[in-house]
Structure formats: C-alpha cells, structure tokens
Amino acid sequence: MGIDTESKDGGGKMPYDIQKILKALPHRYPLLLVDRVKSITLGERIHAVKAVSFNEEFFQGHFPGAPIMPGVLQIEAMAQAAAILGIETLELAGTGKLVFFMGIDNAKFRAPVTPGCLLDMDVEFVQKRSRVYKFKGKASVEGTVTCQAEFTAMIADPPSSD
C-alpha cells in the first residue's frame, strides 16, 4: 500500500513504500529503523514510523527482563527519517549519496519505548545550507513524547574502498 506524499509545490501525489525507503537509505536489517513513511512534505517535514518488535536484536541485552529501546536508537531512527526527507527533497535517491550525522543537540529522553509499540517520528528541517542541514525531531508512542533532539547532518559521497 502506498503512502501519499506531497511535492515541494504541494502538487502531485506519489506512492511511498518500503521499496522507496530502501532506495533512499543504505541501512539494512538490523539497523534499518524506518518501516513506513506516513507523510512527507518535501523540503519541510516527514512523519515516519518504526514498528518496535520484541525480535529486535538490541532487546537481548537492553534490558533482559525489562526490554527498553535504547534512546540513542530512537535518535538514529529520527535521523534516518531526516535522511529520507533530505534525499527525497534533493532527488538523490539511488545515487549512492549518504547522509552523515555531524552533531546532536538538546537530546531529551522522556518515556521508555517497549516491544509492541509503534514509534512515530516527526522531523522537520530547521536550516538548509549547501550540503549541511539541521533538523528538529521528536519521537512518540500513542501521543506521548519518548525523545526529542536537534541534529545536524551532511550529504556526502560514500567513502572510497581504496
């Protein structure tokens, strides 16, 4: 099932499914942390979802008997959503370009994320400059904010294998 997305000018709809996520991001299991894009407004914001399953590898050690998704992985999930927003906005999907973290600011962890949750991630552009972008994001479960952060990333070519 496709997800309706809006183009920069608000016109035209296009389907957004897991195949587009895989084209936009180099991440794969177990580090692909975006399962679906519910909405995206190119150049502005994205709402993505991660279905948190007990089968996630990190639950084996964080914490046995009281599984909680690590906050750093919640931030990584938001960063992946931001990467999709950036790659799609710049029409770079499939080019091999990567989005690298440069900084994380004002991270706050508000509530635990446990198996069976749907983690909603809302991320928006704060600043755009050449190849460096600032984003603001929050993650939530059923309307309760679990974490929030501001982060900076850059678009770059992949490292050479020389």
# chains A, B, ... in the order shown; residues from 1 in each chain; ligands from 1
>>> closest_atom_pairs(of="region 4-70 of chain A", to="region 79-98 of chain A", cutoff="9 Å", atoms="only C-alpha atoms", output="CSV")
residue,atom,partner,partner_atom,distance
A:Ser7,CA,A:Thr89,CA,8.5
A:Lys8,CA,A:Thr89,CA,7.8
A:Lys20,CA,A:Ala93,CA,8.1
A:Ile21,CA,A:Ile84,CA,7.1
A:Lys23,CA,A:Gly94,CA,5.5
A:Ala24,CA,A:Ala93,CA,4.6
A:Leu25,CA,A:Ile84,CA,6.7
A:Pro26,CA,A:Leu98,CA,7.5
A:His27,CA,A:Gln80,CA,8.6
A:Leu32,CA,A:Gln80,CA,8.0
A:Leu33,CA,A:Gln80,CA,7.1
A:Val34,CA,A:Ala81,CA,6.7
A:Val37,CA,A:Ala81,CA,8.2
A:Ile40,CA,A:Leu85,CA,7.1
A:Thr41,CA,A:Leu85,CA,8.1
A:Leu42,CA,A:Thr89,CA,4.9
A:Gly43,CA,A:Thr89,CA,5.4
A:Glu44,CA,A:Leu85,CA,8.0
A:Arg45,CA,A:Leu85,CA,6.9
A:Ile46,CA,A:Leu85,CA,6.2
A:His47,CA,A:Ala81,CA,7.7
A:Ala48,CA,A:Ala81,CA,6.2
A:Val49,CA,A:Ala81,CA,8.7
>>> write_last_selection(atoms="N, CA, C and O atoms", output="compact mmCIF listing (two decimals), in the first residue's frame")
# COMPACT_ATOMS: atom_id res chain seq x y z
N SER A 7 4.56 16.94 -3.01
CA SER A 7 5.76 17.52 -3.59
C SER A 7 6.00 18.90 -3.00
O SER A 7 5.17 19.43 -2.29
N LYS A 8 7.16 19.50 -3.30
CA LYS A 8 7.53 20.81 -2.78
C LYS A 8 6.45 21.85 -3.06
O LYS A 8 6.18 22.70 -2.24
N LYS A 20 10.83 2.40 -1.63
CA LYS A 20 11.39 3.75 -1.71
C LYS A 20 12.30 4.03 -0.51
O LYS A 20 13.31 4.72 -0.65
N ILE A 21 11.94 3.50 0.66
CA ILE A 21 12.80 3.66 1.84
C ILE A 21 14.15 2.99 1.58
O ILE A 21 15.20 3.57 1.83
N LYS A 23 15.53 2.44 -1.24
CA LYS A 23 16.26 3.17 -2.28
C LYS A 23 16.91 4.43 -1.72
O LYS A 23 18.00 4.82 -2.12
N ALA A 24 16.23 5.06 -0.74
CA ALA A 24 16.73 6.31 -0.18
C ALA A 24 17.83 6.09 0.85
O ALA A 24 18.74 6.91 0.99
N LEU A 25 17.74 4.98 1.61
CA LEU A 25 18.69 4.73 2.70
C LEU A 25 19.58 3.53 2.40
O LEU A 25 19.11 2.53 1.86
N PRO A 26 20.84 3.58 2.81
CA PRO A 26 21.72 2.43 2.65
C PRO A 26 21.53 1.41 3.78
O PRO A 26 22.04 0.30 3.69
N HIS A 27 20.83 1.76 4.83
CA HIS A 27 20.66 0.89 6.00
C HIS A 27 19.86 -0.36 5.66
O HIS A 27 18.94 -0.32 4.85
N LEU A 32 18.14 -0.82 9.95
CA LEU A 32 17.12 -0.03 9.29
C LEU A 32 16.01 0.20 10.31
O LEU A 32 15.38 -0.75 10.79
N LEU A 33 15.79 1.45 10.69
CA LEU A 33 14.86 1.77 11.78
C LEU A 33 13.66 2.58 11.32
O LEU A 33 12.96 3.18 12.13
N VAL A 34 13.39 2.59 10.02
CA VAL A 34 12.18 3.22 9.48
C VAL A 34 11.43 2.15 8.70
O VAL A 34 11.98 1.55 7.78
N VAL A 37 6.72 5.43 5.81
CA VAL A 37 6.58 6.89 5.79
C VAL A 37 5.09 7.17 5.68
O VAL A 37 4.46 6.79 4.70
N ILE A 40 5.12 12.92 3.95
CA ILE A 40 6.34 13.69 3.71
C ILE A 40 5.96 14.91 2.88
O ILE A 40 5.22 14.80 1.92
N THR A 41 6.43 16.05 3.32
CA THR A 41 6.30 17.27 2.55
C THR A 41 7.73 17.67 2.20
O THR A 41 8.49 18.08 3.07
N LEU A 42 8.08 17.45 0.95
CA LEU A 42 9.45 17.67 0.52
C LEU A 42 9.90 19.09 0.84
O LEU A 42 9.17 20.04 0.65
N GLY A 43 11.12 19.17 1.39
CA GLY A 43 11.68 20.46 1.76
C GLY A 43 11.22 20.96 3.11
O GLY A 43 11.69 22.00 3.56
N GLU A 44 10.32 20.21 3.77
CA GLU A 44 9.79 20.68 5.04
C GLU A 44 9.81 19.66 6.16
O GLU A 44 10.47 19.87 7.17
N ARG A 45 9.04 18.57 6.02
CA ARG A 45 8.89 17.64 7.15
C ARG A 45 8.55 16.23 6.70
O ARG A 45 8.15 16.01 5.56
N ILE A 46 8.72 15.31 7.65
CA ILE A 46 8.39 13.91 7.41
C ILE A 46 7.79 13.31 8.68
O ILE A 46 8.16 13.70 9.79
N HIS A 47 6.85 12.40 8.50
CA HIS A 47 6.30 11.61 9.60
C HIS A 47 6.51 10.15 9.21
O HIS A 47 5.93 9.67 8.25
N ALA A 48 7.39 9.49 9.96
CA ALA A 48 7.73 8.09 9.68
C ALA A 48 7.42 7.25 10.91
O ALA A 48 7.23 7.77 12.01
N VAL A 49 7.38 5.93 10.71
CA VAL A 49 7.02 5.01 11.78
C VAL A 49 8.00 3.85 11.85
O VAL A 49 8.45 3.34 10.81
>>> residues_around(residues="region 105-112 of chain A", least_positions_apart="5", cutoff="7 Å", atoms="only C-alpha atoms", output="ChimeraX atom specification")
/A:68,71,145-151
>>> select_by_dssp(residues="chain A", states="helix (DSSP H, G or I)", output="ChimeraX atom specification")
/A:18-24,57-60,71-89
>>> closest_residue(among="A:Asp157, A:Asp17, A:Glu56, A:Glu142", to="Pro115 (chain A)", atoms="only C-alpha atoms")
A:Glu56
>>> residues_around(residues="Ala66 (chain A)", least_positions_apart="3", cutoff="10 Å", atoms="only C-alpha atoms", output="PyMOL selection string")
chain A and resi 59+61-63+114-115
>>> write_last_selection(atoms="N, CA, C and O atoms", output="PDB file, in the first residue's frame")
ATOM      1  N   PHE A  59      17.070  -5.829  22.133  1.00  0.00           N
ATOM      2  CA  PHE A  59      16.324  -6.221  23.331  1.00  0.00           C
ATOM      3  C   PHE A  59      16.970  -7.397  24.070  1.00  0.00           C
ATOM      4  O   PHE A  59      16.679  -7.627  25.233  1.00  0.00           O
ATOM      5  N   GLY A  61      19.923  -7.517  25.104  1.00  0.00           N
ATOM      6  CA  GLY A  61      20.806  -7.018  26.150  1.00  0.00           C
ATOM      7  C   GLY A  61      20.358  -5.712  26.793  1.00  0.00           C
ATOM      8  O   GLY A  61      21.004  -5.223  27.700  1.00  0.00           O
ATOM      9  N   HIS A  62      19.224  -5.157  26.336  1.00  0.00           N
ATOM     10  CA  HIS A  62      18.784  -3.836  26.846  1.00  0.00           C
ATOM     11  C   HIS A  62      17.303  -3.869  27.167  1.00  0.00           C
ATOM     12  O   HIS A  62      16.510  -3.395  26.366  1.00  0.00           O
ATOM     13  N   PHE A  63      16.850  -4.275  28.165  1.00  0.00           N
ATOM     14  CA  PHE A  63      17.471  -4.996  29.289  1.00  0.00           C
ATOM     15  C   PHE A  63      16.732  -6.312  29.425  1.00  0.00           C
ATOM     16  O   PHE A  63      15.496  -6.286  29.378  1.00  0.00           O
ATOM     17  N   THR A 114       8.883   0.312  24.464  1.00  0.00           N
ATOM     18  CA  THR A 114       8.920  -1.117  24.749  1.00  0.00           C
ATOM     19  C   THR A 114       8.413  -1.914  23.542  1.00  0.00           C
ATOM     20  O   THR A 114       7.792  -1.349  22.633  1.00  0.00           O
ATOM     21  N   PRO A 115       8.657  -3.214  23.532  1.00  0.00           N
ATOM     22  CA  PRO A 115       8.181  -4.046  22.415  1.00  0.00           C
ATOM     23  C   PRO A 115       6.671  -3.908  22.222  1.00  0.00           C
ATOM     24  O   PRO A 115       5.915  -3.792  23.191  1.00  0.00           O
TER      25      PRO A 115
END
>>> atom_distance(atom1="CA of Asn55 (chain A)", atom2="CA of Ala139 (chain A)")
20.4 Å
>>> atom_distance(atom1="CA of Gly143 (chain A)", atom2="CA of Phe58 (chain A)")
23.9 Å
>>> closest_residue(among="A:Val141, A:Ala77, A:Ile104, A:Val113", to="Phe54 (chain A)", atoms="only C-alpha atoms")
A:Val113
>>> select_by_dssp(residues="chain A", states="strand (DSSP E)", output="short mmCIF file (atom, residue, chain, number, x, y, z; two decimals) with N, CA and C atoms, in the first residue's frame")
data_model
loop_
_atom_site.label_atom_id
_atom_site.label_comp_id
_atom_site.auth_asym_id
_atom_site.auth_seq_id
_atom_site.Cartn_x
_atom_site.Cartn_y
_atom_site.Cartn_z
N THR A 5 2.29 11.33 -0.55
CA THR A 5 3.28 12.33 -0.18
C THR A 5 3.04 13.55 -1.04
N GLU A 6 3.44 14.70 -0.54
CA GLU A 6 3.25 15.93 -1.28
C GLU A 6 4.59 16.42 -1.81
N LYS A 13 0.79 13.61 -6.25
CA LYS A 13 0.91 12.61 -5.19
C LYS A 13 1.75 11.47 -5.75
N MET A 14 2.50 10.82 -4.86
CA MET A 14 3.29 9.68 -5.31
C MET A 14 3.27 8.62 -4.21
N ARG A 36 7.99 2.69 7.68
CA ARG A 36 6.97 3.27 6.82
C ARG A 36 7.03 4.79 6.90
N VAL A 37 6.72 5.43 5.81
CA VAL A 37 6.58 6.89 5.79
C VAL A 37 5.09 7.17 5.68
N LYS A 38 4.54 7.80 6.71
CA LYS A 38 3.12 8.13 6.70
C LYS A 38 2.85 9.39 5.90
N SER A 39 3.74 10.37 6.00
CA SER A 39 3.61 11.57 5.18
C SER A 39 4.96 12.25 5.05
N ILE A 40 5.12 12.92 3.95
CA ILE A 40 6.34 13.69 3.71
C ILE A 40 5.96 14.91 2.88
N THR A 41 6.43 16.05 3.32
CA THR A 41 6.30 17.27 2.55
C THR A 41 7.73 17.67 2.20
N ARG A 45 9.04 18.57 6.02
CA ARG A 45 8.89 17.64 7.15
C ARG A 45 8.55 16.23 6.70
N ILE A 46 8.72 15.31 7.65
CA ILE A 46 8.39 13.91 7.41
C ILE A 46 7.79 13.31 8.68
N HIS A 47 6.85 12.40 8.50
CA HIS A 47 6.30 11.61 9.60
C HIS A 47 6.51 10.15 9.21
N ALA A 48 7.39 9.49 9.96
CA ALA A 48 7.73 8.09 9.68
C ALA A 48 7.42 7.25 10.91
N VAL A 49 7.38 5.93 10.71
CA VAL A 49 7.02 5.01 11.78
C VAL A 49 8.00 3.85 11.85
N LYS A 50 8.33 3.45 13.07
CA LYS A 50 9.10 2.23 13.34
C LYS A 50 8.22 1.33 14.18
N ALA A 51 7.94 0.14 13.70
CA ALA A 51 7.21 -0.86 14.48
C ALA A 51 8.24 -1.57 15.36
N LEU A 98 25.19 9.59 0.73
CA LEU A 98 24.91 9.22 2.11
C LEU A 98 24.65 10.46 2.95
N VAL A 99 23.92 10.28 4.02
CA VAL A 99 23.67 11.36 4.97
C VAL A 99 24.40 10.98 6.26
N PHE A 100 25.37 11.81 6.67
CA PHE A 100 26.17 11.54 7.86
C PHE A 100 25.79 12.49 8.99
N PHE A 101 25.66 11.92 10.19
CA PHE A 101 25.48 12.73 11.40
C PHE A 101 26.70 13.62 11.59
N MET A 102 26.48 14.86 11.99
CA MET A 102 27.58 15.75 12.35
C MET A 102 27.47 16.18 13.80
N GLY A 103 26.24 16.23 14.32
CA GLY A 103 26.07 16.65 15.70
C GLY A 103 24.66 16.38 16.19
N ILE A 104 24.54 16.21 17.49
CA ILE A 104 23.25 16.03 18.15
C ILE A 104 23.21 17.01 19.31
N ASP A 105 22.14 17.79 19.39
CA ASP A 105 22.00 18.80 20.44
C ASP A 105 20.65 18.64 21.13
N ASN A 106 20.65 19.04 22.39
CA ASN A 106 19.41 19.11 23.17
C ASN A 106 18.61 17.83 23.18
N ALA A 107 19.28 16.69 23.21
CA ALA A 107 18.58 15.40 23.27
C ALA A 107 17.96 15.24 24.66
N LYS A 108 16.71 14.84 24.64
CA LYS A 108 15.99 14.59 25.90
C LYS A 108 15.20 13.31 25.74
N PHE A 109 15.26 12.49 26.76
CA PHE A 109 14.54 11.22 26.76
C PHE A 109 13.42 11.32 27.78
N LEU A 118 4.35 1.33 18.36
CA LEU A 118 4.60 1.99 17.09
C LEU A 118 5.25 3.32 17.43
N LEU A 119 6.49 3.48 17.03
CA LEU A 119 7.24 4.70 17.31
C LEU A 119 7.02 5.68 16.16
N ASP A 120 6.31 6.77 16.45
CA ASP A 120 6.08 7.81 15.46
C ASP A 120 7.22 8.80 15.52
N MET A 121 7.75 9.16 14.36
CA MET A 121 8.85 10.12 14.29
C MET A 121 8.45 11.29 13.42
N ASP A 122 8.46 12.47 14.00
CA ASP A 122 8.16 13.69 13.28
C ASP A 122 9.43 14.52 13.24
N VAL A 123 9.91 14.78 12.02
CA VAL A 123 11.17 15.50 11.84
C VAL A 123 10.93 16.62 10.84
N GLU A 124 11.54 17.76 11.11
CA GLU A 124 11.43 18.88 10.17
C GLU A 124 12.77 19.56 9.97
N PHE A 125 12.91 20.15 8.79
CA PHE A 125 14.09 20.96 8.50
C PHE A 125 14.07 22.19 9.40
N VAL A 126 15.23 22.56 9.92
CA VAL A 126 15.38 23.82 10.66
C VAL A 126 16.21 24.78 9.83
N GLN A 127 17.25 24.25 9.19
CA GLN A 127 18.15 25.09 8.40
C GLN A 127 18.75 24.27 7.27
N LYS A 128 18.89 24.88 6.10
CA LYS A 128 19.47 24.21 4.95
C LYS A 128 20.60 25.08 4.40
N ARG A 129 21.77 24.48 4.27
CA ARG A 129 22.91 25.18 3.67
C ARG A 129 23.68 24.19 2.81
N VAL A 132 24.97 20.89 4.24
CA VAL A 132 24.77 20.71 5.67
C VAL A 132 23.36 21.14 6.05
N TYR A 133 22.69 20.28 6.82
CA TYR A 133 21.29 20.51 7.17
C TYR A 133 21.08 20.33 8.66
N LYS A 134 20.21 21.15 9.23
CA LYS A 134 19.82 21.00 10.63
C LYS A 134 18.37 20.56 10.67
N PHE A 135 18.09 19.65 11.59
CA PHE A 135 16.75 19.10 11.76
C PHE A 135 16.34 19.18 13.22
N LYS A 136 15.04 19.15 13.44
CA LYS A 136 14.48 19.05 14.77
C LYS A 136 13.49 17.89 14.71
N GLY A 137 13.58 16.99 15.71
CA GLY A 137 12.69 15.84 15.66
C GLY A 137 12.18 15.44 17.03
N LYS A 138 11.07 14.74 17.01
CA LYS A 138 10.56 14.14 18.23
C LYS A 138 9.99 12.78 17.87
N ALA A 139 10.14 11.86 18.81
CA ALA A 139 9.56 10.53 18.67
C ALA A 139 8.49 10.39 19.73
N SER A 140 7.44 9.65 19.41
CA SER A 140 6.36 9.48 20.37
C SER A 140 5.69 8.12 20.17
N VAL A 141 5.01 7.70 21.21
CA VAL A 141 4.21 6.48 21.17
C VAL A 141 2.82 6.86 21.68
N THR A 144 2.49 10.21 23.36
CA THR A 144 3.42 10.53 24.45
C THR A 144 4.82 10.65 23.88
N VAL A 145 5.43 11.82 24.05
CA VAL A 145 6.79 12.03 23.53
C VAL A 145 7.76 11.14 24.29
N THR A 146 8.56 10.38 23.55
CA THR A 146 9.57 9.49 24.15
C THR A 146 10.95 10.11 24.10
N CYS A 147 11.24 10.87 23.05
CA CYS A 147 12.51 11.58 22.98
C CYS A 147 12.40 12.71 21.97
N GLN A 148 13.31 13.65 22.09
CA GLN A 148 13.38 14.75 21.14
C GLN A 148 14.83 15.18 21.03
N ALA A 149 15.18 15.75 19.89
CA ALA A 149 16.56 16.19 19.68
C ALA A 149 16.62 17.10 18.47
N GLU A 150 17.70 17.85 18.41
CA GLU A 150 18.07 18.61 17.23
C GLU A 150 19.34 17.96 16.72
N PHE A 151 19.49 17.88 15.43
CA PHE A 151 20.70 17.26 14.91
C PHE A 151 21.09 17.87 13.58
N THR A 152 22.39 17.75 13.29
CA THR A 152 22.97 18.28 12.07
C THR A 152 23.51 17.11 11.27
N ALA A 153 23.35 17.19 9.96
CA ALA A 153 23.83 16.12 9.08
C ALA A 153 24.35 16.73 7.80
N MET A 154 25.14 15.96 7.09
CA MET A 154 25.64 16.42 5.79
C MET A 154 25.44 15.33 4.74
N ILE A 155 25.26 15.76 3.51
CA ILE A 155 25.16 14.86 2.36
C ILE A 155 26.56 14.70 1.80
N ALA A 156 26.96 13.45 1.58
CA ALA A 156 28.32 13.21 1.10
C ALA A 156 28.35 11.98 0.20
#
>>> atom_distance(atom1="CA of Met69 (chain A)", atom2="CA of Cys117 (chain A)")
10.1 Å
>>> closest_residue(among="A:Ile18, A:Ile75, A:Leu31, A:Pro159", to="Glu57 (chain A)", atoms="only C-alpha atoms")
A:Leu31
